[in-house]
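Chemist: Below are the structure tokens for one structure; questions will follow.
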Number of protein chains: 8
Amino acid sequence: MIRDVDITKLIIEKFAEEFLKNIELDVAIVGAGPSGLVAAKYLAEKGKKVVIFERKLSPGGGMWGGGIGYPYIVVKQGHEVLEEAGIKCIEKQGYWIANSIEAVAKLVATAIDAGAKIFNGMTVEDVMVRDGRVCGIVANWSAILQANLHVDPISIEASFVIDATGHDCNVAKIVEKKYGLGTPGGKIEGEKAMWADEGERKTVENTGEIFPGLYVTGMAANAVYGSPRMGPIFGGMLLSGKKVAEIILEKVR
Amino acid sequence: MIRDVDITKLIIEKFAEEFLKNIELDVAIVGAGPSGLVAAKYLAEKGKKVVIFERKLSPGGGMWGGGIGYPYIVVKQGHEVLEEAGIKCIEKQGYWIANSIEAVAKLVATAIDAGAKIFNGMTVEDVMVRDGRVCGIVANWSAILQANLHVDPISIEASFVIDATGHDCNVAKIVEKKYGLGTPGGKIEGEKAMWADEGERKTVENTGEIFPGLYVTGMAANAVYGSPRMGPIFGGMLLSGKKVAEIILEKVR
Amino acid sequence: MIRDVDITKLIIEKFAEEFLKNIELDVAIVGAGPSGLVAAKYLAEKGKKVVIFERKLSPGGGMWGGGIGYPYIVVKQGHEVLEEAGIKCIEKQGYWIANSIEAVAKLVATAIDAGAKIFNGMTVEDVMVRDGRVCGIVANWSAILQANLHVDPISIEASFVIDATGHDCNVAKIVEKKYGLGTPGGKIEGEKAMWADEGERKTVENTGEIFPGLYVTGMAANAVYGSPRMGPIFGGMLLSGKKVAEIILEKVR
Amino acid sequence: MIRDVDITKLIIEKFAEEFLKNIELDVAIVGAGPSGLVAAKYLAEKGKKVVIFERKLSPGGGMWGGGIGYPYIVVKQGHEVLEEAGIKCIEKQGYWIANSIEAVAKLVATAIDAGAKIFNGMTVEDVMVRDGRVCGIVANWSAILQANLHVDPISIEASFVIDATGHDCNVAKIVEKKYGLGTPGGKIEGEKAMWADEGERKTVENTGEIFPGLYVTGMAANAVYGSPRMGPIFGGMLLSGKKVAEIILEKVR
Amino acid sequence: MIRDVDITKLIIEKFAEEFLKNIELDVAIVGAGPSGLVAAKYLAEKGKKVVIFERKLSPGGGMWGGGIGYPYIVVKQGHEVLEEAGIKCIEKQGYWIANSIEAVAKLVATAIDAGAKIFNGMTVEDVMVRDGRVCGIVANWSAILQANLHVDPISIEASFVIDATGHDCNVAKIVEKKYGLGTPGGKIEGEKAMWADEGERKTVENTGEIFPGLYVTGMAANAVYGSPRMGPIFGGMLLSGKKVAEIILEKVR
Amino acid sequence: MIRDVDITKLIIEKFAEEFLKNIELDVAIVGAGPSGLVAAKYLAEKGKKVVIFERKLSPGGGMWGGGIGYPYIVVKQGHEVLEEAGIKCIEKQGYWIANSIEAVAKLVATAIDAGAKIFNGMTVEDVMVRDGRVCGIVANWSAILQANLHVDPISIEASFVIDATGHDCNVAKIVEKKYGLGTPGGKIEGEKAMWADEGERKTVENTGEIFPGLYVTGMAANAVYGSPRMGPIFGGMLLSGKKVAEIILEKVR
Amino acid sequence: MIRDVDITKLIIEKFAEEFLKNIELDVAIVGAGPSGLVAAKYLAEKGKKVVIFERKLSPGGGMWGGGIGYPYIVVKQGHEVLEEAGIKCIEKQGYWIANSIEAVAKLVATAIDAGAKIFNGMTVEDVMVRDGRVCGIVANWSAILQANLHVDPISIEASFVIDATGHDCNVAKIVEKKYGLGTPGGKIEGEKAMWADEGERKTVENTGEIFPGLYVTGMAANAVYGSPRMGPIFGGMLLSGKKVAEIILEKVR
Amino acid sequence: MIRDVDITKLIIEKFAEEFLKNIELDVAIVGAGPSGLVAAKYLAEKGKKVVIFERKLSPGGGMWGGGIGYPYIVVKQGHEVLEEAGIKCIEKQGYWIANSIEAVAKLVATAIDAGAKIFNGMTVEDVMVRDGRVCGIVANWSAILQANLHVDPISIEASFVIDATGHDCNVAKIVEKKYGLGTPGGKIEGEKAMWADEGERKTVENTGEIFPGLYVTGMAANAVYGSPRMGPIFGGMLLSGKKVAEIILEKVR
């Protein structure tokens with residue numbers, strides 16, 4: 001027989017146990033879009049303790065809706081990242097097309113299978129900075145923020161923080177406002193107009209550290225450096241997620 | 001080199017092609033929560049042409065948030081459905097616990113791999129009824145409805161329609177209002193208070209046809225028949241999804 | 001030195017520990033207004049395991065604002081309940097006047113000192129009913145409901161549930177809608193027009209069980225039985241809170 | 001007999017076919033107000049492939065409401081453009097008065113008859129820029145933007161882009177923010193106070209290229225150059241639409 | 001030289017003159033969708049004094065957006081009404097396809113050319129009833145209603161009032177609530193589920209008088225009589241508009 | 001020299017003094033529209049202690065906006081009431097026209113000069129009922145209600161209460177819901193369609209007591225009895241205000 | 001007998017006639033608060049053609065609510081302006097207290113009796129500027145702006161424009177943004193903190209021309225010049241209204 | 001017997017009496033969060049006339065919700081301030097944990113028992129400044145501001161004003177905008193990223209005068225000086241409240 005309070009007990013115990021295991025991390029990733037998911041997978045595979053904090057209940061970022069709501073995405077470079085995750089890609093005229101819903105579901109599954117954790121419904125509203133280095137994130141329940149309640153957040157330590165929040169580059173914005181960034185211009189340039197070819201190249205190139213302890217990946221990288229946006233082509237973002245993982249793995253070797 | 005309009009072209013062509021292939025269906029499932037996803041998988045596996053129409057961009061229904069936002073779910077019966085989909089289940093005190101994010105991602109992946117389609121961001125605002133039988137659904141872009149635009153929907157034919165919209169039982173409501181239901185009371189009773197044990201049993205028992213051509217599964221079944229709700233225990237819903245598939249497969253044998 | 005994650009750890013551990021201790025209760029009180037607080041105090045004093053679930057972050061209900069926002073309340077009968085809690089009462093023309101802010105603060109302090117717990121920011125969205133008896137409550141974070149997220153609630157068992165939600169009588173409404181009430185009319189009558197003298201008398205008289213396992217106190221009692229409302233005079237509500245505690249203590253003797 | 005899915009099929013096929021024919025354009029016009037409609041007509045008449053992208057479902061911009069909601073407009077110069085379109089103009093005291101509803105309907109009809117296309121319900125949220133030249137627009141469904149969904153837009157190439165969005169000059173704003181404009185001041189000056197006489201003269205004078213590949217017409221021209229606004233007198237706007245067409249036709253001769 | 005106040009003067013004079021000419025009408029049509037526009041055209045052609053009152057600034061109703069926002073409509077029967085208005089129709093598989101934007105623009109142009117007036121931005125919030133007969137409409141600026149201002153409407157007399165407000169059937173609803181309808185059931189049945197074939201037939205059949213002085217056309221007719229809806233196929237609506245005109249012309253012969 | 005706190009002191013003292021003088025009234029009028037103002041004037045002139053409680057900050061009800069926002073009103077009968085108040089009336093075709101702004105200002109001035117009080121920004125959210133008779137009103141600050149704060153109202157005794165809230169007939173609605181009305185039907189019929197002639201006659205005829213202690217005047221009278229509405233003609237409302245005063249004066253003679 | 005359309009006719013004719021008489025003015029006053037009303041009265045008394053344009057339906061600005069919603073105002077200087085208007089003033093401790101509702105009503109009545117017009121429900125959204133001089137205002141229906149409709153405004157010429165919009169100083173803001181002001185700083189300083197004594201003195205001192213053709217009075221004057229605000233003491237505002245009238249009368253002598 | 005108007009009378013009299021006693025203060029504290037409550041207690045204990053003005057109906061600021069809504073707070077330093085107020089503190093790993101609901105209730109009770117007053121539901125929207133010194137506050141009902149009513153505030157004199165509004169530092173912002181601050185940078189720096197250890201130290205250090213007559217305490221102090229935030233650890237805030245009291249007591253000795 002099922003007792004209702006057993007369910008209550010199991011869920012609260014499990015959450016408390018898992019959350020408490022994850023308040024001191026190797027890598028905290030903010031945003032569960034394609035770049036964040038790919039980064040999480042490659043980091044977790046190498047045994048890093050990595051958690052993605054996702055503002056919404058569902059991960060996937062802007063990938064679910066494909067292009068103007070038609071659930072298909074295109075890749076040129078990087079389709080092997082999709083295929084590694086078991087996502088079906090159809091080649092056509094030198095591009096690969098995939099179903100965007102399948103793509104999100106399998107990127108999520110792959111990251112989790114590799115050992116990454118996702119805490120959803122949590123908004124990173126600030127970072128921890130000690131002696132000029134980002135050393136963690138400060139999170140709250142998104143529902144609390146949406147309901148406009150006056151409630152304090154909590155802190156999670158991380159050796160590395162990755163801003164994978166897309167063109168909003170929320171974490172970069174917080175750090176820019178409070179301390180300035182470590183980029184040449186010292187500030188967020190904002191994404192430039194659409195130019196898929198250039199944008200794809202740049203998003204990988206721009207991937208990296210923008211303030212001690214803070215890394216940027218995917219569209220957030222282009223927003224920080226003022227590079228073009230790309231639309232529903234996702235290869236650059238996937239490769240950027242892979243690259244940020246490699247950079248961090250290199251550092252901690 | 002990537003040309004931006006190539007991406008536009010590939011996505012629009014692909015969408016038109018896929019959508020046009022799917023306007024005459026064996027089964028139209030409304031709602032991509034756990035019951036809908038499971039039903040889709042079992043139907044598609046047997047070669048049925050099945051599409052899930054999901055109101056939001058992301059499938060998964062109320063499963064992402066687990067219990068009060070802690071991303072864990074519990075099952076008693078039916079954990080084998082989770083495990084078939086590759087979802088890790090930890091046994092504890094006679095229950096199985098799973099991560100709710102992993103669960104959604106893998107149920108989606110499994111349904112798609114079995115051959116089911118998902119059209120997301122579409123709201124089923126009505127059904128098609130001909131000679132007293134539901135014979136299709138009437139859908140519009142959810143964004144159009146949310147933006148309150150005055151725009152006509154389109155029709156998709158289906159031999160069977162499954163209402164898997166959870167306790168809102170949206171399709172049942174439309175049919176109830178326009179024609180009455182084929183259930184004993186002829187109307188939607190509304191879900192009763194929480195009682196997991198009873199609810200789990202009933203959700204499977206209630207699964208079935210409620211109007212010629214219209215089937216109900218998962219929490220929508222309990223809402224129609226006035227049975228108890230269950231909270232974040234999902235075994236009954238998974239088994240109900242399986243059962244509705246079996247009932248339909250039986251009919252078309 | 002303070003470590004930020006220590007704070008995180010201490011708070012999450014403490015919450016999980018306290019919450020898990022309180023999922024099987026003697027009495028669950030819904031609403032931390034004056035009646036609920038007084039009931040909690042008298043029940044806890046006698047060693048009952050009692051928790052108040054309060055929808056807002058701050059307890060106190062409609063008492064903070066006194067009359068039309070002027071922070072003063074009046075009592076005729078029952079001022080001894082205020083004085084027991086250390087609330088200063090000034091006698092004037094046969095009434096006692098107290099500061100409404102002091103009154104809430106000290107009623108809260110007294111209930112907590114007596115051993116009652118308060119979980120705030122939680123909304124009771126349903127009850128548990130087994131074999132025709134209310135046997136617990138079903139709660140969710142209020143923020144989740146306000147933010148309109150699709151997330152399942154959890155269950156807490158209680159031998160007795162008290163509806164102390166004021167003239168909304170939320171719990172009574174849920175039970176009325178799903179099962180009907182055990183009152184003569186079987187339904188909620190709605191509060192009648194203002195008549196302090198009659199209302200004060202009735203609120204105590206109406207206090208009691210309205211469905212197996214479900215009790216009603218304070219203004220919720222008048223709403224259920226169609227008795228007059230009283231305005232910013234609080235004696236009846238205080239005495240009703242005391243009475244509901246006595247009735248339950250009698251039952252479990 | 002009518003089959004519902006035939007309608008679905010015909011509409012989706014037709015849309016896909018027409019849209020795919022129009023993703024590489026001679027001229028993309030943003031905004032279907034009077035200037036945009038007139039420009040479209042003159043360009044299409046000369047065989048240019050021209051599409052107007054209109055944010056709302058209905059074209060016409062601010063013309064429907066005439067002056068303070070009274071459906072009449074006035075012209076001094078340029079009434080011949082109205083008459084060419086078959087719009088009845090009544091001369092009075094040296095001005096011509098026309099019904100604003102008739103005016104929109106017939107300007108739309110004329111543009112379409114000349115061969116221009118209108119895609120409505122689409123918002124141009126960005127431009128394509130390659131090597132310092134605007135070479136297309138980036139559009140999304142307006143409903144998706146209004147519903148605040150996170151979904152990627154698509155790109156449409158155009159040799160020339162015309163900002164006909166009225167005093168908001170949305171396209172000019174995007175380009176100004178990302179690259180600066182090619183005007184003397186390099187930025188949008190904002191429309192000046194009302195002065196119909198001066199405004200009418202200036203709107204024609206200001207018409208032209210403001211960034212390589214980007215042209216401005218109608219009230220958007222006055223907004224860019226800081227010229228006066230005109231109120232419900234539309235002659236200058238009509239002539240500006242004609243002029244921008246002539247400038248572009250000249251370029252491509 | 002243009003003087004700004006000349007424009008003010010011309011517009012206000014013109015509006016007052018036109019409006020005052022039209023406060024005693026042969027026919028008042030509520031709603032400028034396809035049925036209303038067609039009815040207006042046929043009535044005006046025969047010399048009737050007819051005004052359409054349209055709630056929005058732009059006429060056209062739900063036609064602009066075609067099907068799910070793709071600007072194309074389909075007709076089976078009644079395409080000759082489109083062609084009479086100069087709207088290009090492409091025959092395909094026994095249907096005719098037209099561009100929905102062109103269709104609205106030309107139906108409007110045709111109605112106006114036939115002599116009908118359109119007052120836009122006005123909401124019919126009530127009717128005039130004298131001795132059991134609808135004898136006019138009661139209108140206000142839509143903006144006043146949307147801005148929630150407390151302002152009285154004005155009355156316009158009409159020998160016949162046509163409810164062409166689509167499936168909302170607003171005028172029928174007002175009369176139903178205040179007096180009941182003259183239909184068999186005496187009340188509004190509500191549109192039934194989608195069935196284009198049946199709906200097309202019924203919309204013409206249902207067209208006619210529903211209360212002394214009040215006529216119903218288009219989708220409003222199906223809503224009143226509980227007939228099926230049709231989606232983006234418009235032939236029935238066009239023929240219904242024609243039919244209501246013929247019925248009224250018959251009466252006043 | 002002016003001291004800021006002197007102003008604070010003078011205003012609070014004055015308000016407390018005036019309000020406390022007016023908590024036991026002869027007549028409480030709810031709503032400061034034309035009927036309420038006229039009633040107040042005639043009652044105050046005869047020495048009755050009368051207060052108008054007005055929900056908004058500004059009295060005048062729906063009169064400020066005249067007809068569709070044009071600030072003019074019309075009277076046929078009852079223009080002498082306007083002229084007594086010094087309001088300029090121009091006779092034209094058997095009617096009198098007045099400026100609606102002047103009309104409100106002078107009706108207010110006249111009522112106040114006669115000795116009536118107005119408390120503005122207060123909403124009557126309930127009545128006092130003792131032994132089956134309305135014996136006062138229950139009011140709160142409108143701002144508190146608009147801001148959705150949980151705050152108790154206060155009570156004001158009155159021998160007679162007049163509902164002058166226009167077609168909403170708010171007070172009648174409260175009493176209807178809680179006790180039923182003393183009218184033939186026992187309930188609120190709702191205003192009928194526009195018919196100025198009949199409405200003008202009825203509004204005076206319907207004026208009177210609808211529940212022991214509760215009187216109705218102006219458009220509220222027509223709403224209660226199901227009589228026609230009148231539009232921007234105000235003679236009946238003025239005479240109704242006068243009549244309700246006479247009825248009450250008769251009673252207390 | 002009353003005919004409904006007679007009312008329609010009389011109101012529309014009257015409005016058109018009055019409005020057309022007032023599109024070329026001596027003085028256009030923006031805002032019908034105390035300063036604007038007093039200015040209007042003194043200007044109209046001397047035969048100037050003066051119109052107040054008021055954004056809301058009710059004139060009076062912030063005066064209705066007295067201090068924190070208690071309907072009383074205080075004056076030190078300038079009480080004679082109140083008394084001239086027949087407003088009862090009670091002297092107390094060197095100040096005069098008046099009822100704020102009576103004060104507004106009688107200031108309005110006095111201005112109208114002196115010959116000033118008020119057009120209410122109209123928002124001045126811009127000015128007319130010709131050759132560097134403000135020469136009129138540009139207005140629209142406030143409802144149209146609140147309902148966010150895209151509709152053009154109309155122009156009214158005036159030899160002098162007075163900004164009497166209170167601390168928002170809306171007209172000054174428009175002119176500042178487009179041209180800069182003619183004040184020493186060339187820009188709006190913003191009101192300073194509360195200091196009634198200084199504010200009262202300054203509001204009169206600051207009254208005058210701030211750009212060719214544009215005058216400022218009342219709290220708008222203090223906002224422009226960065227002087228203190230005063231709270232619910234109104235003498236300075238009344239005297240400022242008087243002074244701006246005198247300055248303009250002097251100019252046109 | 002209870003008379004309803006007695007309650008009305010007692011509450012209004014009491015409020016008027018108490019409010020009028022408190023319009024000339026020694027210290028006005030803005031914000032009833034932990035720092036404000038502690039400051040009030042220490043000031044009142046020494047006989048200072050001190051009032052806290054709290055924007056919401058309930059005092060307590062962000063303390064009710066503990067950390068991410070779990071009602072527990074942590075202190076390292078300063079737990080003796082909690083214990084003095086009778087709040088139970090559990091020592092764990094060098095920290096003290098307390099229930100946040102108990103903490104607020106008892107801090108409020110203690111402040112009131114010490115003689116401080118709290119006026120709730122009032123927003124300080126400005127200050128009084130005379131000769132370059134803050135000498136009072138300017139308040140309005142929060143409900144009036146939330147309901148967006150145009151109503152004047154009132155003034156309360158105070159020798160010292162304390163900004164205890166948390167990280168919004170509302171009073172400091174007003175003074176900064178109108179006059180600049182007296183701090184080194186002359187402006188508000190904004191709180192820095194989370195660092196509990198540093199933040200705790202700084203919040204005490206930053207406590208003090210920031211403009212003649214204006215003091216800052218708690219998180220507002222860190223916001224002004226650009227120091228780190230702390231999360232749900234409250235020792236620094238409690239000590240800062242104590243320190244600001246000591247500074248002021250020192251000044252007035």
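Within each chain, counting starts at residue 1; across the structure tokens, chains are named A, B, ... in the order shown, with ligands numbered 1 upward in that order.
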Please provide the set of residues having any atom within 12 Å of Gly199 in chain H, restricted to only C-alpha atoms, with same-chain residues fewer than 5 positions apart removed, written as a CSV table (one decimal) with N, CA, C and O atoms, in the first residue's frame.
Modeler:
```
chain,number,residue,atom,x,y,z
A,128,MET,N,29.4,34.8,-6.0
A,128,MET,CA,30.3,35.0,-4.9
A,128,MET,C,31.6,35.5,-5.5
A,128,MET,O,32.1,35.0,-6.4
A,129,VAL,N,32.1,36.6,-4.9
A,129,VAL,CA,33.4,37.1,-5.3
A,129,VAL,C,34.3,37.2,-4.0
A,129,VAL,O,33.8,37.8,-3.0
A,130,ARG,N,35.4,36.6,-4.1
A,130,ARG,CA,36.4,36.7,-2.9
A,130,ARG,C,37.7,37.1,-3.5
A,130,ARG,O,38.2,36.4,-4.4
C,1,MET,N,36.0,32.8,11.1
C,1,MET,CA,35.6,33.3,9.7
C,1,MET,C,34.3,32.6,9.3
C,1,MET,O,34.1,31.5,9.5
C,2,ILE,N,33.5,33.4,8.6
C,2,ILE,CA,32.2,32.9,8.1
C,2,ILE,C,32.5,32.3,6.7
C,2,ILE,O,33.0,33.0,5.8
C,3,ARG,N,32.0,31.1,6.4
C,3,ARG,CA,32.0,30.6,5.1
C,3,ARG,C,30.5,30.6,4.5
C,3,ARG,O,29.6,30.1,5.2
C,4,ASP,N,30.4,31.1,3.4
C,4,ASP,CA,29.0,31.3,2.8
C,4,ASP,C,28.3,29.9,2.7
C,4,ASP,O,27.1,29.9,3.0
H,191,GLU,N,25.3,47.5,-3.7
H,191,GLU,CA,25.9,46.4,-3.0
H,191,GLU,C,26.8,45.6,-4.0
H,191,GLU,O,26.5,45.4,-5.1
H,192,LYS,N,27.9,45.0,-3.4
H,192,LYS,CA,28.7,44.1,-4.2
H,192,LYS,C,28.3,42.7,-4.1
H,192,LYS,O,27.3,42.4,-3.4
H,193,ALA,N,29.0,41.8,-4.8
H,193,ALA,CA,28.6,40.4,-4.8
H,193,ALA,C,28.6,39.8,-3.4
H,193,ALA,O,29.2,40.4,-2.5
H,194,MET,N,28.1,38.6,-3.3
H,194,MET,CA,28.0,37.9,-2.0
H,194,MET,C,29.4,37.6,-1.4
H,194,MET,O,30.2,37.0,-2.1
H,204,VAL,N,28.6,46.8,9.7
H,204,VAL,CA,28.8,47.6,11.0
H,204,VAL,C,29.6,48.8,10.7
H,204,VAL,O,29.3,49.9,11.2
H,205,GLU,N,30.7,48.6,10.0
H,205,GLU,CA,31.7,49.7,9.7
H,205,GLU,C,31.0,50.8,9.0
H,205,GLU,O,31.3,52.0,9.2
H,206,ASN,N,30.2,50.5,8.0
H,206,ASN,CA,29.5,51.5,7.2
H,206,ASN,C,28.4,52.3,7.8
H,206,ASN,O,28.0,53.3,7.3
H,218,GLY,N,22.3,48.7,8.5
H,218,GLY,CA,22.0,47.4,7.9
H,218,GLY,C,22.5,47.3,6.4
H,218,GLY,O,23.5,47.9,6.0
H,219,MET,N,21.8,46.5,5.6
H,219,MET,CA,22.1,46.3,4.3
H,219,MET,C,22.1,47.6,3.5
H,219,MET,O,22.9,47.8,2.5
H,220,ALA,N,21.3,48.6,3.9
H,220,ALA,CA,21.3,49.9,3.2
H,220,ALA,C,22.7,50.5,3.3
H,220,ALA,O,23.2,51.2,2.4
H,221,ALA,N,23.4,50.3,4.4
H,221,ALA,CA,24.8,50.8,4.6
H,221,ALA,C,25.7,50.2,3.6
H,221,ALA,O,26.5,50.9,3.0
H,222,ASN,N,25.6,48.9,3.4
H,222,ASN,CA,26.5,48.3,2.4
H,222,ASN,C,26.2,48.7,1.0
H,222,ASN,O,27.0,48.8,0.1
H,223,ALA,N,24.9,48.9,0.7
H,223,ALA,CA,24.5,49.4,-0.6
H,223,ALA,C,25.1,50.8,-0.9
H,223,ALA,O,25.6,51.1,-2.0
H,225,TYR,N,27.8,52.2,0.4
H,225,TYR,CA,29.2,52.2,0.3
H,225,TYR,C,29.8,51.1,-0.6
H,225,TYR,O,31.1,51.0,-0.7
H,226,GLY,N,29.0,50.4,-1.3
H,226,GLY,CA,29.5,49.4,-2.2
H,226,GLY,C,30.2,48.2,-1.6
H,226,GLY,O,31.3,47.8,-2.0
H,227,SER,N,29.7,47.7,-0.5
H,227,SER,CA,30.3,46.6,0.2
H,227,SER,C,29.5,45.3,-0.1
H,227,SER,O,28.4,45.4,-0.7
H,228,PRO,N,30.0,44.1,0.2
H,228,PRO,CA,29.4,42.9,-0.2
H,228,PRO,C,28.1,42.7,0.5
H,228,PRO,O,27.8,43.2,1.6
H,229,ARG,N,27.2,41.9,-0.1
H,229,ARG,CA,26.0,41.4,0.5
H,229,ARG,C,26.3,40.1,1.3
H,229,ARG,O,27.3,39.5,1.1
H,230,MET,N,25.3,39.7,2.2
H,230,MET,CA,25.6,38.6,3.1
H,230,MET,C,24.7,37.4,3.0
H,230,MET,O,25.0,36.4,3.5
H,231,GLY,N,23.5,37.5,2.4
H,231,GLY,CA,22.6,36.4,2.5
H,231,GLY,C,22.0,36.2,3.8
H,231,GLY,O,22.0,37.2,4.6
H,232,PRO,N,21.4,35.0,4.1
H,232,PRO,CA,20.6,34.9,5.4
H,232,PRO,C,21.4,34.8,6.6
H,232,PRO,O,21.1,34.0,7.5
H,233,ILE,N,22.4,35.6,6.8
H,233,ILE,CA,23.1,35.7,8.1
H,233,ILE,C,22.9,37.1,8.6
H,233,ILE,O,23.1,38.1,7.8
H,234,PHE,N,22.5,37.2,9.8
H,234,PHE,CA,21.9,38.5,10.2
H,234,PHE,C,22.6,39.2,11.3
H,234,PHE,O,22.2,40.3,11.8
H,235,GLY,N,23.8,38.7,11.8
H,235,GLY,CA,24.5,39.3,12.9
H,235,GLY,C,24.9,40.7,12.6
H,235,GLY,O,24.7,41.6,13.5
H,236,GLY,N,25.5,41.0,11.5
H,236,GLY,CA,26.0,42.3,11.1
H,236,GLY,C,24.8,43.3,11.1
H,236,GLY,O,25.0,44.4,11.6
H,237,MET,N,23.7,42.9,10.6
H,237,MET,CA,22.5,43.8,10.6
H,237,MET,C,22.1,44.2,12.0
H,237,MET,O,21.7,45.3,12.3
H,240,SER,N,24.6,46.5,13.5
H,240,SER,CA,24.5,47.8,12.8
H,240,SER,C,23.3,48.6,13.4
H,240,SER,O,23.5,49.8,13.6
```
Chemist: Could you tell me which residues of chain F sit within 7 Å of chain H when counting only C-alpha atoms, and give me the result as JSON, numbers by chain?
Modeler: {"F": [4, 5, 8, 9, 12, 16, 20, 23, 143, 144, 146, 147, 154, 155, 156, 157]}
Chemist: Just the helix (DSSP H, G or I) stuff from range 95-188 of chain E, please, per backbone DSSP, written as a PyMOL selection string.
Modeler: chain E and resi 100-113+142-146+166-168+170-179
Chemist: Run DSSP on the backbone and tell me which residues of range 12-250 of chain G come out as strand (DSSP E); list them as JSON, numbers by chain.
Modeler: {"G": [24, 25, 26, 27, 28, 29, 30, 50, 51, 52, 53, 54, 72, 73, 74, 75, 90, 91, 92, 95, 96, 97, 98, 99, 117, 118, 119, 120, 122, 123, 124, 125, 126, 127, 128, 129, 130, 133, 134, 135, 136, 137, 138, 139, 140, 141, 154, 155, 156, 157, 158, 159, 160, 161, 162, 163, 192, 193, 194, 208, 209, 210, 211, 214, 215, 216, 228, 229]}
Chemist: May I have the residues within 10 Å of range 100-103 of chain A as an MDAnalysis selection string, using only C-alpha atoms and disregarding those fewer than 3 positions away in the same chain?
Modeler: (chainID A and resid 34 60 62:67 69:74 82:83 85:89 97 106:109 232) or (chainID B and resid 57:59 105:106 108:113 117:120)
Chemist: Could you check which of H:Trp195, H:Leu43, H:Val216, H:Arg201 is closest to Asp168 in chain H, using only C-alpha atoms?
Modeler: H:Val216
